[in-house]
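To keep things clear, I will list the structure first and then write my remarks on it.
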Amino acid sequence: MAVTLMAGAHPYAAPGVTSLTNPKVKYQLSDQHTVVLKRGNVTAVIVDNSAINTKELPGHRAGYNGLASLKYAGQKDNLFVPPIAGLNFEHIHDGVSVLKEKFEPRKFPMQIRIISDDTVELYQAPTPNWKLESCGRYQILDDGTIEYTFECIPHADLFKNGYIGLFWASYMQAPADRRIHFYGKLKTKRDQPEKLIAARTPSHGVDSTHPPENAVFFPKLSADFPLTLVNHPSDYVYSQPWYYGISGDYSYTQIFRNRDQIWFAQSPTGGGQKNPAWDFQWFIPDYKVGEAYGFIMRAHYAPWTDHKTLHNSVQKHLSALAKK
C-alpha cells in the first residue's frame, strides 16, 4: 500500500551534489574505463560498465559497474568477486511482470567523470527503455570509507505502478560467513526491543529483503515479478540504517540515511555458488517527470575485530549522513 506524500519538496529530492543536478560541478572526462581512488589504508577501483582485462582487473566482465575492487593495505585479494563488482547499479523496474531488460544499467554506456583526486562519477544518459538519466558519485573519505551519492531524473512517465524501483548489488568473494548483521525485529513483534540479527537467506530469492521498521511505502509488485531479491521480504525489519558482513579479517559495512528508506537485500549465491550478494534497493514513489531524486550512503571497509568496535566506528558516519 502506497502512502501519499505530503505537499512540498519530495522527501527523496536530489541533494544537488553531482554533475547531473549541479551545473557548478566541474569535471574531466576520462579516456580510460577505470579510476583508482586511494586514501589512508584503502584503495578502490571505480569502473564503468565496459569489459576490462588489465593486471589490476583481469577478466572484468562488461556490465558490472561501480567498485570493481576494494582492498585494505597489504591485502592481496579483492573484497569483491574479481570479474564483477560492488555497489553495482543493477536494476530499474516498476514491479510489473514483464521487463524489456532486467539489467538496464549494465547494458548501456556509462561515462566516467573525474571530479578531483578523491572523487569520480559514473554518468549514464537516459536509458533506452526507462528513459532514466543518472549519476553516481564515489568519493573516498579520510578513513577510506566510500561515500556514494546517487541522483537520477526520469524523462518519461513509463513506470506503471507509480514508483521507480532501483537496485544495487555487491558481489562478495567467498566469505566463510555469508550472513549479514543488522539491528532489527521480527515484523510480527515490533513492540519488542531491537536486537542484533544475523540473517542468512536459505537460497536465492527466499527471505531476501529487509525493509525499514518505519517504512512509509510498500511497492506494488506483480506475483510473477522476475526479480526475486526485490519481491521476497523476510520476517525481519531493520531498526538502524546500517548493516555489515564479515569477509576474512575485514568487515564491509553499508550505512544509509534514515530518511532515504533504503531496503536491505541479500542472496547467499548472488555472485556465484560461494559468493553472496550483500545488496540494497530503493523506491521513489510519486515521482514526476523531469524532477531529480537522490540518496547518500557510505561503504566502510576496515579490519574486523568485534561488533562493539565496528558499532563505535559507524556512529560518526551515521551522524555525518544525518546532516547531509
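Residue numbering restarts at 1 in every chain; chains get A, B, ... in the order shown in the C-alpha cells, and ligands count up from 1 in that same order.
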
- Query: Could you name the residues that touch range 61-72 of chain A at 9 Å or less, counting only C-alpha atoms, but leaving out those on the same chain fewer than 5 positions away, as a PyMOL selection string?
  - Reply: chain A and resi 34+41-53+56+77-90+103+105-110+122+136+138+144+170+250+301-303

Residues of range 284-319 of chain A that approach range 151-162 of chain A to 12 Å or less, counting only C-alpha atoms: could you list each one with the shortest pair of atoms and its distance in Å to one decimal, rows by chain and increasing residue number, as a tab-separated table?
```
residue	atom	partner	partner_atom	distance
A:Ile284	CA	A:Gly162	CA	8.7
A:Pro285	CA	A:Gly162	CA	6.3
A:Asp286	CA	A:Gly162	CA	6.2
A:Tyr287	CA	A:Gly162	CA	7.3
A:Lys288	CA	A:Pro154	CA	7.4
A:Val289	CA	A:Pro154	CA	5.2
A:Gly290	CA	A:His155	CA	5.5
A:Glu291	CA	A:Ile153	CA	5.7
A:Ala292	CA	A:Ile153	CA	4.6
A:Tyr293	CA	A:Cys152	CA	5.4
A:Gly294	CA	A:Glu151	CA	4.2
A:Phe295	CA	A:Glu151	CA	6.8
A:Ile296	CA	A:Glu151	CA	8.9
A:Met297	CA	A:Glu151	CA	11.9
```

- Message: Taking 6 positions as the minimum chain separation for residues in the same chain, which residues sit within 7 Å of range 232-245 of chain A when counting only C-alpha atoms? Answer as a ChimeraX atom specification.
- Response: /A:179-187,194,205-213,251-258

Output of the above residues as a PDB file, in the first residue's frame, restricted to N, CA and C atoms:
```pdb
ATOM      1  N   ARG A 179      26.389 -14.490   6.125  1.00  0.00           N
ATOM      2  CA  ARG A 179      25.302 -13.746   6.764  1.00  0.00           C
ATOM      3  C   ARG A 179      25.565 -12.236   6.733  1.00  0.00           C
ATOM      4  N   ILE A 180      24.480 -11.471   6.900  1.00  0.00           N
ATOM      5  CA  ILE A 180      24.603 -10.041   7.169  1.00  0.00           C
ATOM      6  C   ILE A 180      24.064  -9.773   8.570  1.00  0.00           C
ATOM      7  N   HIS A 181      24.544  -8.694   9.175  1.00  0.00           N
ATOM      8  CA  HIS A 181      24.228  -8.389  10.564  1.00  0.00           C
ATOM      9  C   HIS A 181      23.625  -6.991  10.642  1.00  0.00           C
ATOM     10  N   PHE A 182      22.497  -6.877  11.324  1.00  0.00           N
ATOM     11  CA  PHE A 182      21.848  -5.580  11.485  1.00  0.00           C
ATOM     12  C   PHE A 182      20.970  -5.591  12.724  1.00  0.00           C
ATOM     13  N   TYR A 183      20.658  -4.392  13.220  1.00  0.00           N
ATOM     14  CA  TYR A 183      19.724  -4.256  14.328  1.00  0.00           C
ATOM     15  C   TYR A 183      18.307  -4.254  13.769  1.00  0.00           C
ATOM     16  N   GLY A 184      17.441  -5.081  14.365  1.00  0.00           N
ATOM     17  CA  GLY A 184      16.080  -5.151  13.870  1.00  0.00           C
ATOM     18  C   GLY A 184      15.177  -5.955  14.768  1.00  0.00           C
ATOM     19  N   LYS A 185      14.020  -6.318  14.204  1.00  0.00           N
ATOM     20  CA  LYS A 185      12.983  -7.029  14.942  1.00  0.00           C
ATOM     21  C   LYS A 185      12.238  -7.954  13.997  1.00  0.00           C
ATOM     22  N   LEU A 186      11.572  -8.926  14.559  1.00  0.00           N
ATOM     23  CA  LEU A 186      10.596  -9.665  13.766  1.00  0.00           C
ATOM     24  C   LEU A 186       9.467  -8.711  13.410  1.00  0.00           C
ATOM     25  N   LYS A 187       9.003  -8.753  12.172  1.00  0.00           N
ATOM     26  CA  LYS A 187       7.970  -7.799  11.765  1.00  0.00           C
ATOM     27  C   LYS A 187       6.643  -8.052  12.472  1.00  0.00           C
ATOM     28  N   GLU A 194      14.751  -3.875  19.934  1.00  0.00           N
ATOM     29  CA  GLU A 194      15.592  -4.297  18.818  1.00  0.00           C
ATOM     30  C   GLU A 194      16.684  -5.241  19.319  1.00  0.00           C
ATOM     31  N   GLY A 205      16.540 -15.561  -3.565  1.00  0.00           N
ATOM     32  CA  GLY A 205      15.145 -15.183  -3.749  1.00  0.00           C
ATOM     33  C   GLY A 205      14.207 -15.649  -2.668  1.00  0.00           C
ATOM     34  N   VAL A 206      14.738 -16.125  -1.547  1.00  0.00           N
ATOM     35  CA  VAL A 206      13.918 -16.545  -0.412  1.00  0.00           C
ATOM     36  C   VAL A 206      14.299 -15.691   0.794  1.00  0.00           C
ATOM     37  N   ASP A 207      13.292 -15.054   1.428  1.00  0.00           N
ATOM     38  CA  ASP A 207      13.553 -14.189   2.597  1.00  0.00           C
ATOM     39  C   ASP A 207      14.677 -13.197   2.301  1.00  0.00           C
ATOM     40  N   SER A 208      14.608 -12.556   1.144  1.00  0.00           N
ATOM     41  CA  SER A 208      15.781 -11.875   0.608  1.00  0.00           C
ATOM     42  C   SER A 208      15.872 -10.382   0.893  1.00  0.00           C
ATOM     43  N   THR A 209      14.796  -9.749   1.344  1.00  0.00           N
ATOM     44  CA  THR A 209      14.884  -8.300   1.541  1.00  0.00           C
ATOM     45  C   THR A 209      14.280  -7.901   2.885  1.00  0.00           C
ATOM     46  N   HIS A 210      14.892  -6.867   3.497  1.00  0.00           N
ATOM     47  CA  HIS A 210      14.520  -6.434   4.847  1.00  0.00           C
ATOM     48  C   HIS A 210      14.176  -4.948   4.805  1.00  0.00           C
ATOM     49  N   PRO A 211      12.908  -4.586   4.946  1.00  0.00           N
ATOM     50  CA  PRO A 211      12.516  -3.173   4.905  1.00  0.00           C
ATOM     51  C   PRO A 211      12.824  -2.462   6.218  1.00  0.00           C
ATOM     52  N   PRO A 212      12.819  -1.128   6.200  1.00  0.00           N
ATOM     53  CA  PRO A 212      12.989  -0.398   7.453  1.00  0.00           C
ATOM     54  C   PRO A 212      11.763  -0.535   8.342  1.00  0.00           C
ATOM     55  N   GLU A 213      11.991  -0.485   9.637  1.00  0.00           N
ATOM     56  CA  GLU A 213      10.893  -0.597  10.601  1.00  0.00           C
ATOM     57  C   GLU A 213       9.861   0.509  10.396  1.00  0.00           C
ATOM     58  N   SER A 251      35.598  -6.279   7.755  1.00  0.00           N
ATOM     59  CA  SER A 251      34.154  -6.077   7.718  1.00  0.00           C
ATOM     60  C   SER A 251      33.818  -5.088   6.612  1.00  0.00           C
ATOM     61  N   TYR A 252      32.702  -5.347   5.956  1.00  0.00           N
ATOM     62  CA  TYR A 252      32.188  -4.452   4.914  1.00  0.00           C
ATOM     63  C   TYR A 252      30.818  -3.978   5.388  1.00  0.00           C
ATOM     64  N   THR A 253      30.694  -2.666   5.618  1.00  0.00           N
ATOM     65  CA  THR A 253      29.503  -2.093   6.224  1.00  0.00           C
ATOM     66  C   THR A 253      28.878  -1.074   5.288  1.00  0.00           C
ATOM     67  N   GLN A 254      27.572  -1.189   5.085  1.00  0.00           N
ATOM     68  CA  GLN A 254      26.848  -0.237   4.249  1.00  0.00           C
ATOM     69  C   GLN A 254      25.935   0.583   5.169  1.00  0.00           C
ATOM     70  N   ILE A 255      26.099   1.911   5.098  1.00  0.00           N
ATOM     71  CA  ILE A 255      25.495   2.838   6.049  1.00  0.00           C
ATOM     72  C   ILE A 255      24.619   3.817   5.272  1.00  0.00           C
ATOM     73  N   PHE A 256      23.384   4.022   5.745  1.00  0.00           N
ATOM     74  CA  PHE A 256      22.414   4.808   4.998  1.00  0.00           C
ATOM     75  C   PHE A 256      21.843   5.935   5.858  1.00  0.00           C
ATOM     76  N   ARG A 257      21.086   6.814   5.218  1.00  0.00           N
ATOM     77  CA  ARG A 257      20.330   7.836   5.941  1.00  0.00           C
ATOM     78  C   ARG A 257      18.939   7.272   6.224  1.00  0.00           C
ATOM     79  N   ASN A 258      18.437   7.518   7.422  1.00  0.00           N
ATOM     80  CA  ASN A 258      17.086   7.054   7.751  1.00  0.00           C
ATOM     81  C   ASN A 258      16.065   7.533   6.740  1.00  0.00           C
TER      82      ASN A 258
END
```

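Distances to Gln173 in chain A were evaluated for A:His204, A:His300, A:Lys55, A:Lys274 using only C-alpha atoms, and the minimum falls at A:Lys274.
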
- Query: Looking at only C-alpha atoms, which of A:Val35, A:Leu229, A:Val17, A:Leu132 is the one that sits closest to Thr269 in chain A?
  - Reply: A:Leu229
